[in-house]
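Participant: Enclosed is the structure file coords_38.pdb (PDB, C-alpha atoms).
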MODEL        1
ATOM      1  CA  MET A  22     -65.405 -36.404  19.671
ATOM      2  CA  ARG A  23     -62.580 -38.854  20.317
ATOM      3  CA  LEU A  24     -62.388 -39.513  16.558
ATOM      4  CA  LEU A  25     -61.822 -35.768  15.956
ATOM      5  CA  GLN A  26     -58.979 -35.717  18.509
ATOM      6  CA  ILE A  27     -57.349 -38.698  16.814
ATOM      7  CA  LEU A  28     -57.574 -37.031  13.377
ATOM      8  CA  THR A  29     -56.119 -33.786  14.774
ATOM      9  CA  ALA A  30     -53.203 -35.645  16.378
ATOM     10  CA  CYS A  31     -52.468 -37.371  13.062
ATOM     11  CA  LEU A  32     -52.585 -34.184  11.013
ATOM     12  CA  LEU A  33     -50.215 -32.232  13.318
ATOM     13  CA  PRO A  34     -47.011 -34.123  12.306
ATOM     14  CA  LEU A  35     -48.049 -33.821   8.667
ATOM     15  CA  SER A  36     -48.332 -30.020   8.964
ATOM     16  CA  VAL A  37     -44.886 -29.768  10.610
ATOM     17  CA  LEU A  38     -43.441 -31.972   7.869
ATOM     18  CA  ALA A  39     -45.004 -29.741   5.206
ATOM     19  CA  ALA A  40     -43.498 -26.618   6.785
ATOM     20  CA  GLN A  41     -40.034 -28.213   6.879
ATOM     21  CA  LYS A  42     -40.417 -29.329   3.285
ATOM     22  CA  ALA A  43     -41.395 -25.810   2.214
ATOM     23  CA  THR A  44     -38.348 -24.348   3.952
ATOM     24  CA  GLY A  45     -36.088 -26.930   2.356
ATOM     25  CA  ASP A  46     -37.614 -26.324  -1.061
ATOM     26  CA  ARG A  47     -37.046 -22.587  -0.654
ATOM     27  CA  PHE A  48     -33.350 -23.078   0.100
ATOM     28  CA  GLN A  49     -32.979 -25.491  -2.803
ATOM     29  CA  ASP A  50     -34.643 -23.013  -5.164
ATOM     30  CA  PHE A  51     -32.336 -20.155  -4.178
ATOM     31  CA  HIS A  52     -29.305 -22.435  -4.105
ATOM     32  CA  ALA A  53     -30.124 -23.599  -7.634
ATOM     33  CA  GLN A  54     -30.347 -19.970  -8.770
ATOM     34  CA  GLN A  55     -26.979 -19.284  -7.169
ATOM     35  CA  LEU A  56     -25.405 -22.283  -8.887
ATOM     36  CA  SER A  57     -26.785 -21.247 -12.258
ATOM     37  CA  SER A  58     -25.623 -17.643 -11.962
ATOM     38  CA  SER A  59     -22.257 -18.526 -10.356
ATOM     39  CA  ALA A  60     -22.564 -15.303  -8.364
ATOM     40  CA  SER A  61     -24.865 -13.617  -5.896
ATOM     41  CA  ILE A  62     -28.597 -13.634  -6.588
ATOM     42  CA  LYS A  63     -30.057 -10.340  -7.767
ATOM     43  CA  LEU A  64     -32.929  -9.507  -5.428
ATOM     44  CA  ASP A  65     -35.893  -7.144  -5.247
ATOM     45  CA  ASP A  66     -38.264  -6.357  -2.404
ATOM     46  CA  ALA A  67     -40.384  -9.463  -2.978
ATOM     47  CA  SER A  68     -37.519 -11.932  -3.365
ATOM     48  CA  TYR A  69     -35.665 -10.384  -0.417
ATOM     49  CA  THR A  70     -38.704 -10.856   1.795
ATOM     50  CA  LYS A  71     -39.127 -14.423   0.595
ATOM     51  CA  LEU A  72     -35.448 -15.189   1.094
ATOM     52  CA  THR A  73     -35.226 -13.833   4.647
ATOM     53  CA  SER A  74     -38.688 -14.699   5.951
ATOM     54  CA  ALA A  75     -39.164 -17.154   8.808
ATOM     55  CA  PRO A  76     -39.089 -20.026   9.381
ATOM     56  CA  ARG A  77     -35.858 -20.998   7.649
ATOM     57  CA  ASP A  78     -32.922 -23.293   8.318
ATOM     58  CA  TYR A  79     -30.256 -21.484   6.298
ATOM     59  CA  SER A  80     -28.210 -18.296   6.483
ATOM     60  CA  VAL A  81     -28.371 -15.317   4.139
ATOM     61  CA  ALA A  82     -25.703 -12.780   3.214
ATOM     62  CA  VAL A  83     -27.092  -9.751   1.385
ATOM     63  CA  LEU A  84     -25.249  -6.741   0.023
ATOM     64  CA  LEU A  85     -27.326  -3.559   0.012
ATOM     65  CA  THR A  86     -25.858  -1.319  -2.670
ATOM     66  CA  ALA A  87     -26.541   1.570  -5.047
ATOM     67  CA  LEU A  88     -24.711   1.033  -8.320
ATOM     68  CA  GLU A  89     -26.066   3.851 -10.477
ATOM     69  CA  THR A  90     -23.742   6.832 -10.858
ATOM     70  CA  ARG A  91     -26.457   9.288  -9.856
ATOM     71  CA  PHE A  92     -26.222   7.994  -6.283
ATOM     72  CA  GLY A  93     -22.520   8.881  -6.110
ATOM     73  CA  CYS A  94     -21.493   5.670  -4.337
ATOM     74  CA  GLN A  95     -17.993   5.017  -5.651
ATOM     75  CA  LEU A  96     -17.366   2.324  -3.039
ATOM     76  CA  CYS A  97     -20.486   0.451  -4.221
ATOM     77  CA  ARG A  98     -19.157   0.199  -7.778
ATOM     78  CA  GLU A  99     -15.660  -0.713  -6.617
ATOM     79  CA  PHE A 100     -16.809  -3.455  -4.257
ATOM     80  CA  GLN A 101     -19.417  -5.115  -6.484
ATOM     81  CA  PRO A 102     -16.845  -7.277  -8.405
ATOM     82  CA  GLU A 103     -15.312  -8.313  -5.072
ATOM     83  CA  TRP A 104     -18.729  -9.299  -3.728
ATOM     84  CA  ASP A 105     -19.437 -11.357  -6.845
ATOM     85  CA  LEU A 106     -16.026 -13.010  -6.380
ATOM     86  CA  ILE A 107     -16.929 -13.982  -2.795
ATOM     87  CA  ALA A 108     -20.244 -15.490  -3.916
ATOM     88  CA  LYS A 109     -18.676 -17.279  -6.885
ATOM     89  CA  SER A 110     -15.817 -18.729  -4.826
ATOM     90  CA  TRP A 111     -18.198 -19.849  -2.061
ATOM     91  CA  THR A 112     -20.636 -21.431  -4.516
ATOM     92  CA  LYS A 113     -17.828 -23.195  -6.362
ATOM     93  CA  GLY A 114     -16.360 -24.554  -3.120
ATOM     94  CA  ASP A 115     -19.723 -25.599  -1.675
ATOM     95  CA  LYS A 116     -21.795 -26.834  -4.597
ATOM     96  CA  ALA A 117     -23.735 -29.208  -2.354
ATOM     97  CA  GLY A 118     -24.896 -26.334  -0.149
ATOM     98  CA  GLU A 119     -23.583 -27.867   3.083
ATOM     99  CA  SER A 120     -22.860 -24.421   4.558
ATOM    100  CA  ARG A 121     -26.549 -23.487   4.087
ATOM    101  CA  LEU A 122     -25.628 -19.969   2.961
ATOM    102  CA  ILE A 123     -27.248 -17.918   0.196
ATOM    103  CA  TYR A 124     -25.616 -14.797  -1.264
ATOM    104  CA  GLY A 125     -27.785 -11.969  -2.577
ATOM    105  CA  THR A 126     -27.436  -8.428  -3.913
ATOM    106  CA  LEU A 127     -30.166  -5.835  -3.457
ATOM    107  CA  ASP A 128     -29.793  -2.627  -5.444
ATOM    108  CA  PHE A 129     -31.531   0.533  -4.260
ATOM    109  CA  ASN A 130     -33.565   0.776  -7.452
ATOM    110  CA  ASP A 131     -34.959  -2.735  -6.897
ATOM    111  CA  GLY A 132     -35.521  -2.576  -3.144
ATOM    112  CA  LYS A 133     -36.441   0.890  -1.963
ATOM    113  CA  ASN A 134     -38.916  -0.462   0.608
ATOM    114  CA  THR A 135     -36.279  -2.772   2.047
ATOM    115  CA  PHE A 136     -33.747   0.059   2.262
ATOM    116  CA  GLN A 137     -36.254   2.138   4.183
ATOM    117  CA  SER A 138     -36.968  -0.697   6.577
ATOM    118  CA  VAL A 139     -33.309  -1.362   7.423
ATOM    119  CA  ARG A 140     -32.384   2.352   7.242
ATOM    120  CA  ALA A 141     -29.097   1.703   5.495
ATOM    121  CA  MET A 142     -27.826   2.117   1.979
ATOM    122  CA  ARG A 143     -24.429   0.416   2.108
ATOM    123  CA  ALA A 144     -24.845  -2.121   4.878
ATOM    124  CA  PHE A 145     -23.792  -5.705   4.535
ATOM    125  CA  MET A 146     -26.029  -8.154   6.403
ATOM    126  CA  SER A 147     -25.575 -11.779   7.358
ATOM    127  CA  PRO A 148     -28.667 -13.113   9.147
ATOM    128  CA  ASN A 149     -27.977 -16.524  10.607
ATOM    129  CA  ALA A 150     -30.321 -19.462  10.845
ATOM    130  CA  ARG A 151     -31.852 -18.426  14.173
ATOM    131  CA  VAL A 152     -35.070 -16.576  13.442
ATOM    132  CA  ASP A 153     -35.092 -14.625  16.714
ATOM    133  CA  SER A 154     -31.624 -13.119  16.278
ATOM    134  CA  GLN A 155     -30.824  -9.724  14.833
ATOM    135  CA  PRO A 156     -28.876  -9.671  11.571
ATOM    136  CA  SER A 157     -25.180  -8.880  11.774
ATOM    137  CA  ARG A 158     -24.099  -5.794   9.840
ATOM    138  CA  PHE A 159     -20.768  -4.853   8.330
ATOM    139  CA  ASP A 160     -19.988  -1.153   8.163
ATOM    140  CA  PHE A 161     -18.215  -0.136   4.951
ATOM    141  CA  SER A 162     -17.375   3.323   6.280
ATOM    142  CA  THR A 163     -13.917   1.976   7.157
ATOM    143  CA  GLY A 164     -13.109   1.922   3.446
ATOM    144  CA  THR A 165     -12.799  -1.856   3.088
ATOM    145  CA  ASN A 166     -13.220  -2.857  -0.551
ATOM    146  CA  ARG A 167     -11.420  -6.207  -0.730
ATOM    147  CA  ALA A 168     -13.056  -9.627  -0.799
ATOM    148  CA  GLU A 169     -10.804 -11.401   1.717
ATOM    149  CA  PRO A 170     -11.705  -9.488   4.925
ATOM    150  CA  ILE A 171     -15.424  -9.608   4.058
ATOM    151  CA  ARG A 172     -15.259 -13.361   3.465
ATOM    152  CA  ASP A 173     -13.506 -13.829   6.834
ATOM    153  CA  TRP A 174     -16.182 -11.729   8.538
ATOM    154  CA  ILE A 175     -18.947 -13.848   7.001
ATOM    155  CA  ALA A 176     -17.199 -17.050   8.075
ATOM    156  CA  ARG A 177     -17.103 -15.848  11.684
ATOM    157  CA  GLN A 178     -20.885 -15.333  11.685
ATOM    158  CA  LEU A 179     -21.650 -18.903  10.595
ATOM    159  CA  PRO A 180     -21.726 -22.117  12.592
ATOM    160  CA  ASP A 181     -19.244 -24.899  11.950
ATOM    161  CA  GLY A 182     -19.250 -26.233   8.433
ATOM    162  CA  PRO A 183     -17.636 -25.753   5.023
ATOM    163  CA  LYS A 184     -16.257 -22.229   4.550
ATOM    164  CA  PRO A 185     -14.580 -22.031   1.130
ATOM    165  CA  GLN A 186     -11.693 -19.642   0.605
ATOM    166  CA  ILE A 187     -11.489 -16.902  -2.008
ATOM    167  CA  SER A 188     -10.280 -18.181  -5.369
ATOM    168  CA  ARG A 189      -9.188 -15.282  -7.548
ATOM    169  CA  PRO A 190      -9.024 -15.966 -11.286
ATOM    170  CA  ILE A 191      -5.727 -15.546 -13.072
ATOM    171  CA  ASN A 192      -5.433 -12.102 -14.623
ATOM    172  CA  TYR A 193      -4.062 -13.135 -18.013
ATOM    173  CA  VAL A 194      -4.022  -9.567 -19.329
ATOM    174  CA  ARG A 195      -1.809  -8.439 -16.478
ATOM    175  CA  LEU A 196       0.370 -11.546 -16.800
ATOM    176  CA  ILE A 197       0.859 -10.981 -20.538
ATOM    177  CA  SER A 198       1.555  -7.271 -19.990
ATOM    178  CA  ILE A 199       4.202  -7.947 -17.362
ATOM    179  CA  THR A 200       5.809 -10.671 -19.478
ATOM    180  CA  THR A 201       5.881  -8.397 -22.532
ATOM    181  CA  ALA A 202       7.358  -5.534 -20.530
ATOM    182  CA  VAL A 203      10.076  -7.748 -19.025
ATOM    183  CA  LEU A 204      10.994  -9.228 -22.403
ATOM    184  CA  GLY A 205      11.061  -5.758 -23.949
ATOM    185  CA  LEU A 206      13.329  -4.481 -21.187
ATOM    186  CA  ILE A 207      15.698  -7.438 -21.600
ATOM    187  CA  THR A 208      15.789  -6.880 -25.364
ATOM    188  CA  PHE A 209      16.520  -3.177 -24.926
ATOM    189  CA  LEU A 210      19.319  -3.861 -22.456
ATOM    190  CA  ALA A 211      20.869  -6.446 -24.782
ATOM    191  CA  VAL A 212      20.738  -4.141 -27.827
ATOM    192  CA  ALA A 213      21.956  -1.039 -25.986
ATOM    193  CA  ALA A 214      24.710  -2.853 -24.062
ATOM    194  CA  PRO A 215      27.566  -1.622 -26.334
ATOM    195  CA  TYR A 216      26.548   1.965 -25.568
ATOM    196  CA  TYR A 217      25.955   1.964 -21.808
ATOM    197  CA  LEU A 218      28.378  -0.721 -20.609
ATOM    198  CA  PRO A 219      31.498   1.432 -21.225
ATOM    199  CA  VAL A 220      29.874   4.206 -19.188
ATOM    200  CA  ILE A 221      28.883   1.897 -16.345
ATOM    201  CA  GLN A 222      32.319   0.249 -16.288
ATOM    202  CA  ASN A 223      34.182   3.569 -16.280
ATOM    203  CA  ARG A 224      36.288   3.706 -13.110
ATOM    204  CA  ASN A 225      36.628   7.486 -13.200
ATOM    205  CA  LEU A 226      32.836   7.875 -13.215
ATOM    206  CA  TRP A 227      32.403   5.673 -10.167
ATOM    207  CA  ALA A 228      35.315   7.392  -8.441
ATOM    208  CA  ALA A 229      33.657  10.786  -9.021
ATOM    209  CA  ILE A 230      30.283   9.506  -7.759
ATOM    210  CA  SER A 231      31.922   7.990  -4.670
ATOM    211  CA  LEU A 232      33.851  11.175  -3.970
ATOM    212  CA  ILE A 233      30.734  13.334  -4.260
ATOM    213  CA  ALA A 234      28.820  11.005  -1.934
ATOM    214  CA  VAL A 235      31.653  11.029   0.624
ATOM    215  CA  LEU A 236      31.910  14.825   0.553
ATOM    216  CA  LEU A 237      28.133  15.188   0.783
ATOM    217  CA  PHE A 238      27.700  13.006   3.833
ATOM    218  CA  THR A 239      30.879  13.900   5.733
ATOM    219  CA  SER A 240      30.025  17.597   5.499
ATOM    220  CA  GLY A 241      26.798  17.162   7.504
ATOM    221  CA  HIS A 242      24.133  16.952   4.805
ATOM    222  CA  MET A 243      22.083  14.313   6.646
ATOM    223  CA  PHE A 244      22.387  16.291   9.892
ATOM    224  CA  ASN A 245      20.643  19.204   8.187
ATOM    225  CA  HIS A 246      17.777  16.996   6.968
ATOM    226  CA  ILE A 247      17.290  15.352  10.350
ATOM    227  CA  ARG A 248      17.503  18.516  12.474
ATOM    228  CA  LYS A 249      15.834  20.833   9.926
ATOM    229  CA  VAL A 250      18.478  23.505  10.552
ATOM    230  CA  PRO A 251      18.212  27.053   9.095
ATOM    231  CA  TYR A 252      20.272  28.033   6.080
ATOM    232  CA  VAL A 253      22.009  30.967   7.895
ATOM    233  CA  GLN A 254      21.669  32.662  11.251
ATOM    234  CA  GLY A 255      22.270  36.119  12.674
ATOM    235  CA  ASP A 256      25.437  36.995  14.592
ATOM    236  CA  GLY A 257      23.634  39.274  17.072
ATOM    237  CA  LYS A 258      25.130  42.419  15.547
ATOM    238  CA  GLY A 259      22.856  42.761  12.550
ATOM    239  CA  GLY A 260      25.059  40.588  10.341
ATOM    240  CA  VAL A 261      24.964  36.973   9.174
ATOM    241  CA  SER A 262      26.881  34.102  10.755
ATOM    242  CA  TYR A 263      27.949  31.379   8.362
ATOM    243  CA  PHE A 264      29.141  28.994  11.098
ATOM    244  CA  ALA A 265      27.242  27.965  14.225
ATOM    245  CA  GLY A 266      29.245  27.591  17.422
ATOM    246  CA  GLY A 267      29.473  24.160  19.005
ATOM    247  CA  PHE A 268      29.864  20.720  17.468
ATOM    248  CA  GLN A 269      26.152  19.963  17.914
ATOM    249  CA  ASN A 270      24.998  23.000  15.911
ATOM    250  CA  GLN A 271      25.347  24.004  12.281
ATOM    251  CA  VAL A 272      23.550  25.868   9.505
ATOM    252  CA  GLY A 273      22.875  24.888   5.902
ATOM    253  CA  LEU A 274      25.422  27.232   4.332
ATOM    254  CA  GLU A 275      28.085  25.923   6.703
ATOM    255  CA  THR A 276      27.635  22.442   5.250
ATOM    256  CA  GLN A 277      28.155  23.711   1.720
ATOM    257  CA  ILE A 278      31.306  25.652   2.680
ATOM    258  CA  VAL A 279      32.803  22.641   4.457
ATOM    259  CA  ALA A 280      31.957  20.378   1.494
ATOM    260  CA  ALA A 281      33.658  22.869  -0.871
ATOM    261  CA  MET A 282      36.797  22.911   1.307
ATOM    262  CA  TYR A 283      36.959  19.127   1.345
ATOM    263  CA  ALA A 284      36.425  19.065  -2.422
ATOM    264  CA  VAL A 285      39.318  21.490  -3.026
ATOM    265  CA  LEU A 286      41.577  19.468  -0.717
ATOM    266  CA  SER A 287      40.598  16.226  -2.466
ATOM    267  CA  PHE A 288      41.185  17.690  -5.926
ATOM    268  CA  ALA A 289      44.570  19.080  -4.851
ATOM    269  CA  THR A 290      45.613  15.705  -3.431
ATOM    270  CA  ILE A 291      44.491  13.826  -6.557
ATOM    271  CA  SER A 292      46.331  16.307  -8.795
ATOM    272  CA  LEU A 293      49.556  15.977  -6.820
ATOM    273  CA  ALA A 294      49.298  12.184  -6.830
ATOM    274  CA  LEU A 295      48.150  11.562 -10.417
ATOM    275  CA  LYS A 296      48.455  14.614 -12.649
ATOM    276  CA  VAL A 297      51.713  16.242 -11.602
ATOM    277  CA  PRO A 298      53.924  13.096 -11.960
ATOM    278  CA  ARG A 299      52.788  12.736 -15.581
ATOM    279  CA  MET A 300      53.932  16.214 -16.571
ATOM    280  CA  THR A 301      56.935  16.060 -18.921
ATOM    281  CA  ASP A 302      58.158  19.643 -18.393
ATOM    282  CA  PRO A 303      60.212  19.778 -15.151
ATOM    283  CA  LYS A 304      59.669  23.512 -14.683
ATOM    284  CA  ALA A 305      55.917  23.255 -15.140
ATOM    285  CA  GLN A 306      55.890  20.273 -12.818
ATOM    286  CA  GLN A 307      57.707  22.262 -10.145
ATOM    287  CA  ILE A 308      55.281  25.156 -10.454
ATOM    288  CA  ALA A 309      52.315  22.753 -10.204
ATOM    289  CA  VAL A 310      53.748  21.250  -7.016
ATOM    290  CA  PHE A 311      54.081  24.695  -5.411
ATOM    291  CA  VAL A 312      50.652  25.777  -6.572
ATOM    292  CA  TRP A 313      48.793  22.720  -5.350
ATOM    293  CA  GLY A 314      50.864  22.640  -2.180
ATOM    294  CA  GLY A 315      49.889  26.274  -1.519
ATOM    295  CA  VAL A 316      46.231  25.460  -2.153
ATOM    296  CA  MET A 317      46.367  22.598   0.345
ATOM    297  CA  LEU A 318      48.118  24.809   2.942
ATOM    298  CA  GLY A 319      45.531  27.569   2.554
ATOM    299  CA  MET A 320      42.571  25.183   2.715
ATOM    300  CA  TYR A 321      43.912  23.357   5.772
ATOM    301  CA  SER A 322      44.564  26.706   7.443
ATOM    302  CA  PHE A 323      40.992  27.821   6.729
ATOM    303  CA  LEU A 324      39.657  24.452   7.916
ATOM    304  CA  LEU A 325      41.491  24.764  11.241
ATOM    305  CA  SER A 326      40.114  28.277  11.678
ATOM    306  CA  VAL A 327      36.601  26.835  11.238
ATOM    307  CA  PHE A 328      37.404  24.285  13.947
ATOM    308  CA  ARG A 329      38.325  27.158  16.264
ATOM    309  CA  ILE A 330      34.990  28.833  15.514
ATOM    310  CA  LYS A 331      33.155  25.614  16.381
ATOM    311  CA  ASN A 332      35.241  25.132  19.525
ATOM    312  CA  GLY A 333      37.094  28.068  21.002
ATOM    313  CA  GLY A 334      39.467  25.801  22.892
ATOM    314  CA  TYR A 335      40.880  24.151  19.761
ATOM    315  CA  PRO A 336      44.684  24.625  20.128
ATOM    316  CA  PHE A 337      45.967  24.117  16.578
ATOM    317  CA  TRP A 338      46.268  26.613  13.742
ATOM    318  CA  LEU A 339      48.127  27.224  10.481
ATOM    319  CA  PRO A 340      48.989  30.505   8.805
ATOM    320  CA  PRO A 341      47.590  32.558   7.160
ATOM    321  CA  PHE A 342      44.210  32.061   8.906
TER     322      PHE A 342
ENDMDL
END
Let me see the structure of the file written as structure tokens.
Facilitator:
Amino acid sequence: MRLLQILTACLLPLSVLAAQKATGDRFQDFHAQQLSSSASIKLDDASYTKLTSAPRDYSVAVLLTALETRFGCQLCREFQPEWDLIAKSWTKGDKAGESRLIYGTLDFNDGKNTFQSVRAMRAFMSPNARVDSQPSRFDFSTGTNRAEPIRDWIARQLPDGPKPQISRPINYVRLISITTAVLGLITFLAVAAPYYLPVIQNRNLWAAISLIAVLLFTSGHMFNHIRKVPYVQGDGKGGVSYFAGGFQNQVGLETQIVAAMYAVLSFATISLALKVPRMTDPKAQQIAVFVWGGVMLGMYSFLLSVFRIKNGGYPFWLPPF
């Protein structure tokens, strides 16, 4: 009887050692598959059960997905390359398996029983090394389809150890396309320079653009966009009022009328300053001075009358308005 107790006591450590060896061999087998594929391991019901069964001394990150188009999971197809990038970057940065993490992918066609057991079709799970703990799940309903936030979430679920960063490969097609486009644009600009440079360097063009911008913004165009003012408003007598009373109110048509008045005044001033002095006929020059002077007087008179509409207490006026 004592001999049987001694044999039992000797065999107990051997059985524990065999269980640890089996667990270690299982991790090494899956880790070798991950190294050979340089991506996540493709799983089915049997391999998923083997990978996640207890006891184990490693962590598992599994993506439950449905890639076929008949399932209508657009997010699944968009995220699959990102998931493979996470697994590839992690495997490349931790070839020795010090993080004790295995990446897997379980498609619905290959793991219908597993999908029914976890009651999820697009869940991302990261069971840790503790057998009695519930697996952590990442909900993709938020629309996340990038590798970086998923990798950070996985890293937070793991104990201390190596946690490789995402290493995105260089997109040579995009790099070549951008380089070709930039070189083509530079070539086009160099060839077409004799045609567009005189236009760009034209002072009259820039003066006209500047004048239009000044008239547009000083007439209250931005005020209309900010306040969303109406185009016209009623005068209370069945008619239409083109000017709103008060300096804090205006209508859309009022802005256009004021801009037109400023434009006429600007054109009259420019003509008197630049065009009229160049006229060689003294009589025509005199007529032009009177004409443009009359235009300026009329426009200023109308402008002052608008000021009186905006503010009844405005004291200044000019004939004829």
Participant: Which distance in Å separates atom CA of Val261 of chain A and atom CA of His246 of chain A, to one decimal?
Facilitator: 21.3 Å
Participant: What are the centre and the three edge lengths of an axis-aligned box that wraps all atoms of segment 317-324 of chain A in the file, given that 4 Å is added to every side, written as AutoDock Vina command-line options and rounded to one decimal in Å?
Facilitator:
--center_x 43.9 --center_y 25.2 --center_z 4.1 --size_x 16.5 --size_y 13.2 --size_z 15.6
Participant: I'd like to see the residues matched by the PyMOL selection byres ((chain A and resi 273) around 9) on this file, and ideally I'd get them as a list in words.
Facilitator: Gly241, His242, Asn245, Val250, Pro251, Tyr252, Val253, Tyr263, Gln271, Val272, Leu274, Glu275, Thr276 and Gln277 of chain A
Participant: Quote the spacing between atom CA of Met320 of chain A and atom CA of Tyr283 of chain A in Å to one decimal place.
Facilitator: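 So the two atoms, atom CA of Met320 of chain A and atom CA of Tyr283 of chain A, lie 8.4 Å apart.
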Participant: Taking (-22.3, -17.4, -12.1) as a centre in this file's frame and 10 Å as the limit, can you find every polymer residue with an atom that close, using only C-alpha atoms, and give them as a count of residues only?
Facilitator: 16
Participant: Counting all atoms listed in the file, which of A:Gln95, A:Tyr124, A:Leu84, A:Leu226 gets nearest to Arg158 of chain A?
Facilitator: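 Result for the nearest residue to Arg158 of chain A: A:Leu84.
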Participant: Could you give me, as CSV, a per-residue list for segment 173-275 of chain A showing, wherever an atom lies at most 10 Å from an atom of segment 77-80 of chain A, the closest pair of atoms and their distance in Å to one decimal, using all atoms listed in the file and sorting by chain then residue number from low to high?
Facilitator:
residue,atom,partner,partner_atom,distance
A:Gln178,CA,A:Ser80,CA,9.5
A:Leu179,CA,A:Ser80,CA,7.8
A:Pro180,CA,A:Ser80,CA,9.7
Participant: Which residues fall under the PyMOL selection byres ((chain A and resi 125-133) around 8) in this file, as a VMD selection string?
Facilitator: chain A and resid 61 to 66 69 81 to 88 123 to 124 134 to 137 142
Participant: Run the PyMOL selection byres ((chain A and resi 325-339) around 8) mentally over the shown coordinates, then write out the matched residues as a list in words, using the chain letters and numbers from the document.
Facilitator: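 Evaluating the PyMOL selection byres ((chain A and resi 325-339) around 8) on these coordinates yields Phe264, Ala265, Gly266, Gly267, Phe268, Leu318, Tyr321, Ser322, Phe323, Leu324, Pro340, Pro341 and Phe342 of chain A.
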Participant: Report, in Å to a single decimal, how far apart atom CA of Tyr217 of chain A and atom CA of Val203 of chain A are.
Facilitator: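 Taking atom CA of Val203 of chain A and atom CA of Tyr217 of chain A, their separation equals 18.8 Å.
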Participant: Counting only C-alpha atoms, which of A:Ala67, A:Ala281, A:Val310, A:Val316 gets nearest to Leu236 of chain A?
Facilitator: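 For Leu236 of chain A, the nearest of the candidates is A:Ala281.
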Participant: Quick one: segment 279-283 of chain A from the block, all heavy atoms, as a JSON list (two decimals), in the first residue's frame.
Facilitator:
[["chain", "number", "residue", "atom", "x", "y", "z"],
["A", 279, "VAL", "N", -26.42, 99.10, -53.08],
["A", 279, "VAL", "CA", -25.30, 99.83, -52.50],
["A", 279, "VAL", "C", -24.00, 99.50, -53.23],
["A", 279, "VAL", "O", -23.19, 100.39, -53.51],
["A", 279, "VAL", "CB", -25.19, 99.52, -50.99],
["A", 279, "VAL", "CG1", -23.91, 100.12, -50.41],
["A", 279, "VAL", "CG2", -26.40, 100.06, -50.25],
["A", 280, "ALA", "N", -23.79, 98.22, -53.57],
["A", 280, "ALA", "CA", -22.59, 97.85, -54.31],
["A", 280, "ALA", "C", -22.56, 98.52, -55.68],
["A", 280, "ALA", "O", -21.51, 98.97, -56.16],
["A", 280, "ALA", "CB", -22.53, 96.33, -54.46],
["A", 281, "ALA", "N", -23.73, 98.62, -56.35],
["A", 281, "ALA", "CA", -23.79, 99.29, -57.65],
["A", 281, "ALA", "C", -23.47, 100.78, -57.52],
["A", 281, "ALA", "O", -22.77, 101.36, -58.37],
["A", 281, "ALA", "CB", -25.18, 99.08, -58.26],
["A", 282, "MET", "N", -23.96, 101.41, -56.47],
["A", 282, "MET", "CA", -23.64, 102.84, -56.26],
["A", 282, "MET", "C", -22.15, 103.04, -56.04],
["A", 282, "MET", "O", -21.53, 103.95, -56.63],
["A", 282, "MET", "CB", -24.43, 103.36, -55.05],
["A", 282, "MET", "CG", -25.91, 103.56, -55.31],
["A", 282, "MET", "SD", -26.73, 104.47, -53.98],
["A", 282, "MET", "CE", -26.54, 103.33, -52.62],
["A", 283, "TYR", "N", -21.56, 102.22, -55.21],
["A", 283, "TYR", "CA", -20.11, 102.32, -54.99],
["A", 283, "TYR", "C", -19.33, 102.05, -56.28],
["A", 283, "TYR", "O", -18.29, 102.70, -56.54],
["A", 283, "TYR", "CB", -19.68, 101.33, -53.90],
["A", 283, "TYR", "CG", -20.05, 101.75, -52.50],
["A", 283, "TYR", "CD1", -20.31, 100.79, -51.51],
["A", 283, "TYR", "CD2", -20.14, 103.09, -52.15],
["A", 283, "TYR", "CE1", -20.65, 101.16, -50.23],
["A", 283, "TYR", "CE2", -20.49, 103.47, -50.86],
["A", 283, "TYR", "CZ", -20.74, 102.50, -49.90],
["A", 283, "TYR", "OH", -21.07, 102.87, -48.63]]
